[in-house]
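Peer 1: As input, take run.cif (mmCIF, C-alpha atoms):
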data_run
loop_
_atom_site.group_PDB
_atom_site.id
_atom_site.type_symbol
_atom_site.label_atom_id
_atom_site.label_comp_id
_atom_site.auth_asym_id
_atom_site.auth_seq_id
_atom_site.Cartn_x
_atom_site.Cartn_y
_atom_site.Cartn_z
ATOM 1 C CA MET S 96 14.562 26.505 -29.214
ATOM 2 C CA ALA S 97 14.056 24.996 -25.737
ATOM 3 C CA GLY S 98 15.344 27.235 -23.012
ATOM 4 C CA GLN S 99 14.481 30.472 -24.776
ATOM 5 C CA PRO S 100 12.021 32.842 -23.094
ATOM 6 C CA GLY S 101 8.403 32.001 -23.923
ATOM 7 C CA VAL S 102 9.195 28.581 -25.368
ATOM 8 C CA PRO S 103 8.316 25.594 -23.153
ATOM 9 C CA GLU S 104 10.967 22.930 -22.711
ATOM 10 C CA ALA S 105 10.356 19.394 -23.912
ATOM 11 C CA GLY S 106 12.052 18.029 -20.814
ATOM 12 C CA GLY S 107 15.539 17.718 -19.369
ATOM 13 C CA THR S 108 17.679 14.621 -19.515
ATOM 14 C CA ASP S 109 18.563 14.876 -15.835
ATOM 15 C CA VAL S 110 15.189 15.766 -14.312
ATOM 16 C CA LEU S 111 13.402 12.989 -12.451
ATOM 17 C CA PRO S 112 9.804 12.319 -13.513
ATOM 18 C CA GLY S 113 7.301 13.975 -11.199
ATOM 19 C CA SER S 114 9.674 16.681 -10.022
ATOM 20 C CA ARG S 115 7.963 19.399 -12.095
ATOM 21 C CA SER S 116 4.323 20.393 -12.290
ATOM 22 C CA ALA S 117 2.838 19.345 -15.600
ATOM 23 C CA LEU S 118 0.620 22.435 -15.453
ATOM 24 C CA ASP S 119 3.424 24.927 -14.922
ATOM 25 C CA PRO S 120 2.623 27.941 -17.148
ATOM 26 C CA GLY S 121 6.161 27.774 -18.504
ATOM 27 C CA ARG S 122 5.363 24.399 -20.046
ATOM 28 C CA ALA S 123 2.118 25.455 -21.703
ATOM 29 C CA ILE S 124 1.703 25.382 -25.470
ATOM 30 C CA LYS S 125 -0.118 28.449 -26.690
ATOM 31 C CA PRO S 126 -2.973 27.815 -29.122
ATOM 32 C CA GLY S 127 -2.593 28.996 -32.668
ATOM 33 C CA ARG S 128 0.757 29.948 -34.149
ATOM 34 C CA HIS S 129 3.293 29.055 -31.473
ATOM 35 C CA GLY S 130 6.228 28.426 -33.786
ATOM 36 C CA LEU S 131 6.905 24.927 -32.456
ATOM 37 C CA SER S 132 7.425 21.898 -34.666
ATOM 38 C CA PRO S 133 5.029 18.946 -34.321
ATOM 39 C CA GLU S 134 7.916 16.928 -32.871
ATOM 40 C CA THR S 135 8.554 19.540 -30.192
ATOM 41 C CA VAL S 136 4.879 19.745 -29.303
ATOM 42 C CA ALA S 137 4.684 15.954 -29.038
ATOM 43 C CA GLY S 138 7.766 15.895 -26.815
ATOM 44 C CA ILE S 139 6.326 18.519 -24.470
ATOM 45 C CA GLN S 140 3.022 16.691 -24.229
ATOM 46 C CA ARG S 141 4.743 13.375 -23.508
ATOM 47 C CA GLU S 142 6.876 14.925 -20.761
ATOM 48 C CA ARG S 143 3.840 16.533 -19.160
ATOM 49 C CA LEU S 144 1.970 13.226 -19.216
ATOM 50 C CA ILE S 145 4.891 11.435 -17.549
ATOM 51 C CA ASP S 146 5.162 14.074 -14.833
ATOM 52 C CA ALA S 147 1.406 14.060 -14.281
ATOM 53 C CA PHE S 148 1.364 10.287 -14.059
ATOM 54 C CA VAL S 149 4.021 10.218 -11.327
ATOM 55 C CA GLN S 150 2.229 12.957 -9.423
ATOM 56 C CA VAL S 151 -1.123 11.149 -9.575
ATOM 57 C CA VAL S 152 0.216 7.689 -8.768
ATOM 58 C CA SER S 153 2.259 8.964 -5.830
ATOM 59 C CA GLU S 154 -0.754 10.737 -4.342
ATOM 60 C CA ARG S 155 -3.541 8.246 -5.077
ATOM 61 C CA GLY S 156 -1.743 4.942 -5.605
ATOM 62 C CA PHE S 157 -1.631 3.012 -8.851
ATOM 63 C CA ALA S 158 -4.907 1.215 -8.100
ATOM 64 C CA HIS S 159 -6.732 4.559 -8.109
ATOM 65 C CA THR S 160 -4.856 6.127 -11.007
ATOM 66 C CA THR S 161 -6.885 6.593 -14.174
ATOM 67 C CA ILE S 162 -6.070 7.921 -17.596
ATOM 68 C CA GLY S 163 -8.593 10.698 -16.998
ATOM 69 C CA ARG S 164 -6.807 11.855 -13.860
ATOM 70 C CA VAL S 165 -3.445 11.748 -15.638
ATOM 71 C CA THR S 166 -4.669 13.739 -18.644
ATOM 72 C CA GLU S 167 -6.368 16.244 -16.357
ATOM 73 C CA GLY S 168 -3.122 16.635 -14.436
ATOM 74 C CA ALA S 169 -1.205 17.078 -17.685
ATOM 75 C CA GLY S 170 -3.683 19.472 -19.263
ATOM 76 C CA VAL S 171 -4.125 17.333 -22.391
ATOM 77 C CA THR S 172 -6.862 15.151 -23.866
ATOM 78 C CA LYS S 173 -7.228 11.394 -23.648
ATOM 79 C CA LYS S 174 -6.625 11.286 -27.394
ATOM 80 C CA THR S 175 -3.222 12.844 -26.762
ATOM 81 C CA PHE S 176 -2.496 10.237 -24.100
ATOM 82 C CA TYR S 177 -3.161 7.424 -26.552
ATOM 83 C CA THR S 178 -0.910 9.094 -29.093
ATOM 84 C CA HIS S 179 2.024 8.476 -26.754
ATOM 85 C CA PHE S 180 1.070 5.460 -24.631
ATOM 86 C CA THR S 181 -1.023 2.347 -25.060
ATOM 87 C CA ASP S 182 -2.178 2.258 -21.431
ATOM 88 C CA LEU S 183 -1.216 3.275 -17.888
ATOM 89 C CA ASP S 184 1.409 0.538 -17.603
ATOM 90 C CA ASP S 185 3.104 1.858 -20.730
ATOM 91 C CA CYS S 186 3.204 5.348 -19.217
ATOM 92 C CA PHE S 187 4.472 3.929 -15.910
ATOM 93 C CA LEU S 188 7.230 2.053 -17.735
ATOM 94 C CA ALA S 189 8.403 5.229 -19.493
ATOM 95 C CA ALA S 190 8.479 7.190 -16.242
ATOM 96 C CA TYR S 191 10.145 4.410 -14.265
ATOM 97 C CA GLN S 192 12.833 3.653 -16.824
ATOM 98 C CA ARG S 193 13.765 7.290 -17.303
ATOM 99 C CA GLY S 194 13.975 7.882 -13.572
ATOM 100 C CA MET S 195 16.096 4.797 -12.977
ATOM 101 C CA ASP S 196 18.481 5.776 -15.759
ATOM 102 C CA ILE S 197 18.973 9.162 -14.105
ATOM 103 C CA LEU S 198 19.325 7.690 -10.614
ATOM 104 C CA LEU S 199 21.901 5.102 -11.649
ATOM 105 C CA ARG S 200 23.875 7.642 -13.651
ATOM 106 C CA ARG S 201 24.137 9.985 -10.688
ATOM 107 C CA MET S 202 25.043 7.133 -8.352
ATOM 108 C CA THR S 203 27.744 5.950 -10.760
ATOM 109 C CA GLU S 204 29.254 9.440 -10.908
ATOM 110 C CA ALA S 205 29.530 9.522 -7.109
ATOM 111 C CA TYR S 206 30.858 5.961 -6.974
ATOM 112 C CA GLU S 207 33.573 6.564 -9.562
ATOM 113 C CA ALA S 208 34.761 9.769 -7.879
ATOM 114 C CA ALA S 209 35.467 8.004 -4.565
ATOM 115 C CA PRO S 210 39.034 6.942 -3.641
ATOM 116 C CA SER S 211 38.212 3.310 -2.777
ATOM 117 C CA TRP S 212 35.505 0.728 -3.311
ATOM 118 C CA PRO S 213 34.025 1.013 0.220
ATOM 119 C CA ASP S 214 34.013 4.793 -0.065
ATOM 120 C CA GLY S 215 32.428 4.456 -3.482
ATOM 121 C CA ILE S 216 29.626 2.321 -2.080
ATOM 122 C CA ARG S 217 28.941 4.887 0.612
ATOM 123 C CA ALA S 218 29.063 7.733 -1.924
ATOM 124 C CA ALA S 219 26.648 5.953 -4.259
ATOM 125 C CA LEU S 220 24.236 5.167 -1.424
ATOM 126 C CA ARG S 221 24.438 8.738 -0.134
ATOM 127 C CA ARG S 222 23.613 10.081 -3.591
ATOM 128 C CA MET S 223 20.695 7.679 -4.032
ATOM 129 C CA LEU S 224 19.155 8.418 -0.630
ATOM 130 C CA ALA S 225 19.529 12.169 -1.123
ATOM 131 C CA ILE S 226 17.868 12.035 -4.541
ATOM 132 C CA LEU S 227 14.956 9.931 -3.311
ATOM 133 C CA ALA S 228 14.496 12.181 -0.281
ATOM 134 C CA ALA S 229 14.412 15.259 -2.519
ATOM 135 C CA GLU S 230 12.001 13.621 -4.995
ATOM 136 C CA PRO S 231 9.390 11.840 -2.835
ATOM 137 C CA ARG S 232 6.903 11.501 -5.703
ATOM 138 C CA PHE S 233 9.277 9.501 -7.854
ATOM 139 C CA ALA S 234 10.486 7.608 -4.788
ATOM 140 C CA ARG S 235 6.972 6.453 -3.952
ATOM 141 C CA ALA S 236 6.127 5.598 -7.546
ATOM 142 C CA SER S 237 9.332 3.653 -8.177
ATOM 143 C CA LEU S 238 9.691 1.910 -4.821
ATOM 144 C CA VAL S 239 6.130 1.324 -3.608
ATOM 145 C CA GLU S 240 3.564 1.688 -6.382
ATOM 146 C CA VAL S 241 5.721 -0.188 -8.907
ATOM 147 C CA ASN S 242 4.710 -3.379 -7.098
ATOM 148 C CA ALA S 243 1.063 -2.775 -8.033
ATOM 149 C CA ALA S 244 1.741 -2.297 -11.733
ATOM 150 C CA GLY S 245 1.460 -4.869 -14.492
ATOM 151 C CA PRO S 246 4.014 -7.559 -15.390
ATOM 152 C CA GLN S 247 5.926 -5.394 -17.852
ATOM 153 C CA VAL S 248 6.641 -2.749 -15.222
ATOM 154 C CA ARG S 249 7.452 -5.331 -12.542
ATOM 155 C CA GLN S 250 9.904 -6.991 -14.928
ATOM 156 C CA ALA S 251 11.530 -3.611 -15.502
ATOM 157 C CA ARG S 252 11.991 -3.338 -11.736
ATOM 158 C CA ILE S 253 13.765 -6.714 -11.691
ATOM 159 C CA ASP S 254 15.944 -5.719 -14.649
ATOM 160 C CA ASN S 255 16.890 -2.410 -13.067
ATOM 161 C CA LEU S 256 17.744 -3.980 -9.716
ATOM 162 C CA ALA S 257 20.141 -6.231 -11.638
ATOM 163 C CA ARG S 258 21.922 -3.132 -12.945
ATOM 164 C CA PHE S 259 23.122 -2.443 -9.394
ATOM 165 C CA ARG S 260 25.424 -5.462 -9.727
ATOM 166 C CA GLY S 261 27.847 -3.150 -11.513
ATOM 167 C CA PHE S 262 28.783 -1.525 -8.215
ATOM 168 C CA PHE S 263 30.267 -4.844 -7.088
ATOM 169 C CA GLU S 264 32.552 -5.312 -10.096
ATOM 170 C CA ASP S 265 35.740 -3.925 -8.588
ATOM 171 C CA PRO S 266 39.261 -5.425 -8.918
ATOM 172 C CA SER S 267 39.852 -4.932 -5.181
ATOM 173 C CA LEU S 268 37.043 -7.398 -4.405
ATOM 174 C CA SER S 269 37.215 -11.151 -4.494
ATOM 175 C CA PRO S 270 34.602 -12.572 -6.881
ATOM 176 C CA VAL S 271 31.153 -12.338 -5.293
ATOM 177 C CA PRO S 272 28.374 -14.772 -6.288
ATOM 178 C CA VAL S 273 25.536 -13.051 -8.114
ATOM 179 C CA ALA S 274 23.044 -14.476 -5.628
ATOM 180 C CA VAL S 275 24.897 -12.737 -2.794
ATOM 181 C CA ILE S 276 24.936 -9.419 -4.654
ATOM 182 C CA ASP S 277 21.233 -9.705 -5.431
ATOM 183 C CA ALA S 278 20.499 -10.455 -1.782
ATOM 184 C CA ILE S 279 22.400 -7.326 -0.715
ATOM 185 C CA VAL S 280 20.638 -5.172 -3.305
ATOM 186 C CA GLY S 281 17.311 -6.668 -2.261
ATOM 187 C CA GLY S 282 18.026 -5.856 1.380
ATOM 188 C CA ILE S 283 18.723 -2.218 0.531
ATOM 189 C CA TYR S 284 15.532 -2.038 -1.525
ATOM 190 C CA SER S 285 13.543 -3.530 1.344
ATOM 191 C CA ALA S 286 14.918 -1.090 3.921
ATOM 192 C CA ILE S 287 14.096 1.899 1.730
ATOM 193 C CA HIS S 288 10.662 0.492 0.935
ATOM 194 C CA VAL S 289 9.867 0.123 4.641
ATOM 195 C CA GLN S 290 10.981 3.701 5.285
ATOM 196 C CA MET S 291 8.739 4.931 2.476
ATOM 197 C CA GLU S 292 5.770 3.007 3.861
ATOM 198 C CA THR S 293 6.208 3.811 7.538
ATOM 199 C CA GLY S 294 8.018 7.141 7.649
ATOM 200 C CA GLU S 295 8.864 10.241 5.698
ATOM 201 C CA ALA S 296 10.945 10.212 2.524
ATOM 202 C CA GLU S 297 12.967 13.146 3.837
ATOM 203 C CA GLU S 298 14.384 10.813 6.515
ATOM 204 C CA LEU S 299 15.917 8.443 3.979
ATOM 205 C CA PRO S 300 19.460 9.879 4.292
ATOM 206 C CA SER S 301 19.505 8.745 7.934
ATOM 207 C CA LEU S 302 19.702 5.156 6.642
ATOM 208 C CA LEU S 303 23.145 5.739 5.120
ATOM 209 C CA PRO S 304 25.382 4.424 7.950
ATOM 210 C CA ALA S 305 23.337 1.248 8.475
ATOM 211 C CA LEU S 306 22.964 0.506 4.754
ATOM 212 C CA THR S 307 26.658 1.085 4.070
ATOM 213 C CA TYR S 308 27.565 -1.263 6.909
ATOM 214 C CA PHE S 309 25.029 -3.811 5.644
ATOM 215 C CA VAL S 310 26.676 -3.833 2.199
ATOM 216 C CA LEU S 311 30.274 -3.898 3.400
ATOM 217 C CA LEU S 312 30.035 -6.357 6.299
ATOM 218 C CA PRO S 313 29.840 -9.619 4.305
ATOM 219 C CA LEU S 314 32.413 -8.433 1.766
ATOM 220 C CA ILE S 315 35.210 -6.755 3.732
ATOM 221 C CA GLY S 316 34.500 -7.943 7.271
ATOM 222 C CA ARG S 317 33.337 -6.387 10.515
ATOM 223 C CA GLU S 318 36.567 -4.564 11.376
ATOM 224 C CA ALA S 319 36.831 -2.756 8.050
ATOM 225 C CA ALA S 320 33.075 -2.077 7.809
ATOM 226 C CA SER S 321 32.518 -0.795 11.357
ATOM 227 C CA PRO S 322 33.869 2.753 10.797
ATOM 228 C CA TYR S 323 31.177 3.306 8.160
ATOM 229 C CA LEU S 324 28.473 2.410 10.678
ATOM 230 C CA THR S 325 29.485 5.199 13.041
ATOM 231 C CA SER S 326 30.377 7.828 10.438
ATOM 232 C CA GLU S 327 28.209 10.874 9.934
ATOM 233 C CA TYR S 328 25.834 10.727 7.012
#
Let me see the file written as structure tokens.

Peer 2:
Amino acid sequence: MAGQPGVPEAGGTDVLPGSRSALDPGRAIKPGRHGLSPETVAGIQRERLIDAFVQVVSERGFAHTTIGRVTEGAGVTKKTFYTHFTDLDDCFLAAYQRGMDILLRRMTEAYEAAPSWPDGIRAALRRMLAILAAEPRFARASLVEVNAAGPQVRQARIDNLARFRGFFEDPSLSPVPVAVIDAIVGGIYSAIHVQMETGEAEELPSLLPALTYFVLLPLIGREAASPYLTSEY
């Protein structure tokens, strides 16, 4: 079973892609009689490929990412890659979607635990910025390199940005046009993207006051939003 000494894990449901080394000895599959089912072996190999992909694409950029570099980083063969993915975009899509599911779930937990909608927005943004700062490989892959991927991955980015609309569905708010929500979400994405391109990912949490104010200003007004601009992050 996964988690037992000497048995590599097939991957956690709350671990962002790229956060673990695909070549970690604890994830190796011993040749010969290892006692693992074919399904478990396939799961381990898939997880290692996803982690290796994020590591390669974050370091080299998607334009310079090859299947050979990914399989080398995962410690598997190209044949194994094609067992799980049709091409690099397919692998990117798997990594991106899993990471976004985890990110949005953690943000939602923080949002729902807050006492009010404005506090929930700040809590969700704080959680997101902290996660991205702690996982710079996934941050770069999902925020910067995603723009260089194929149409299927770029469409997934659009679809996932739309999922952020859920944070604006609160009974304390007057109805907000979808175009306004999308503009706010797009502004947040742009600010984080610029930080990733021009600065260090570890500085992302410093954006919290400004981003919180940016979200709240058009929805609750300057007077109510201003305290969030000066609050500690």

Peer 1: I'd like the interatomic distance between atom CA of S:Ala320 and atom CA of S:Val273, to a tenth of an Å.

Peer 2: 20.8 Å

Peer 1: Decode the PyMOL selection byres ((chain S and resi 279) around 12) for the given file into explicit residues and return them as a PyMOL selection string.

Peer 2: chain S and resi 256-257+259-260+262-263+271-278+280-286+306-314

Peer 1: Would you translate the PyMOL selection byres ((chain S and resi 302) around 10) into the concrete set of residues it matches in this file, as a ChimeraX atom specification?

Peer 2: /S:220-221,224,283,286-287,290,298-301,303-307,328

Peer 1: Build an axis-aligned box that encloses every atom of stretch 164-167 of chain S listed in the file, pad it by 8 Å on each side, and report its centre and edge lengths in Å to one decimal, as AutoDock Vina command-line options.

Peer 2:
--center_x -5.1 --center_y 14.0 --center_z -16.3 --size_x 19.4 --size_y 20.5 --size_z 20.8

Peer 1: What is the atom CA of S:Thr135-atom CA of S:His179 distance in Å, reported with one decimal?

Peer 2: 13.3 Å

Peer 1: Mind giving me the straight-line distance from atom CA of S:Ile226 to atom CA of S:Met202 in Å, one decimal?

Peer 2: 9.5 Å

Peer 1: Please enumerate the residues selected by the PyMOL selection byres ((chain S and resi 109) around 12) when evaluated against the supplied file, formatted as a list in words.

Peer 2: Gly106, Gly107, Thr108, Val110, Leu111, Pro112, Ser114, Arg193, Gly194, Met195, Asp196, Ile197, Leu198, Leu199, Arg200, Arg201 and Ile226 of chain S

Peer 1: Let me make sure I understand: among S:Glu264, S:Ile216, S:Leu238, S:Ala208, which one has the smallest atom-to-atom distance to S:Arg252 if we use all atoms listed in the file?

Peer 2: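 That would be S:Leu238, the residue with the smallest distance to S:Arg252.
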
Peer 1: Near S:Gln140, counting only C-alpha atoms, which residues have an atom at most 8 Å away, once you skip same-chain residues fewer than 4 positions from it, shown as a list in words?

Peer 2: Ala105, Val136, Leu144, Ala169, Val171 and Thr175 of chain S

Peer 1: Using only C-alpha atoms, which residues sit within 12 Å of S:Val151 once same-chain residues fewer than 2 positions away are excluded, as a PyMOL selection string?

Peer 2: chain S and resi 112-113+116-117+144-149+153-169+183+187+232-233+235-236+240

Peer 1: Here is a test: counting all atoms listed in the file, which residue of S:Pro231, S:Gly316, S:Pro266, S:Gly294 is nearest to S:Gln150?

Peer 2: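 Checking each candidate against S:Gln150, we get S:Pro231 as the closest.
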
Peer 1: My list of candidates is S:Leu188, S:Thr203, S:Pro210, S:Gly170. Which is closest to S:Gly245 when distances are computed with only C-alpha atoms?

Peer 2: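 Result for the nearest residue to S:Gly245: S:Leu188.
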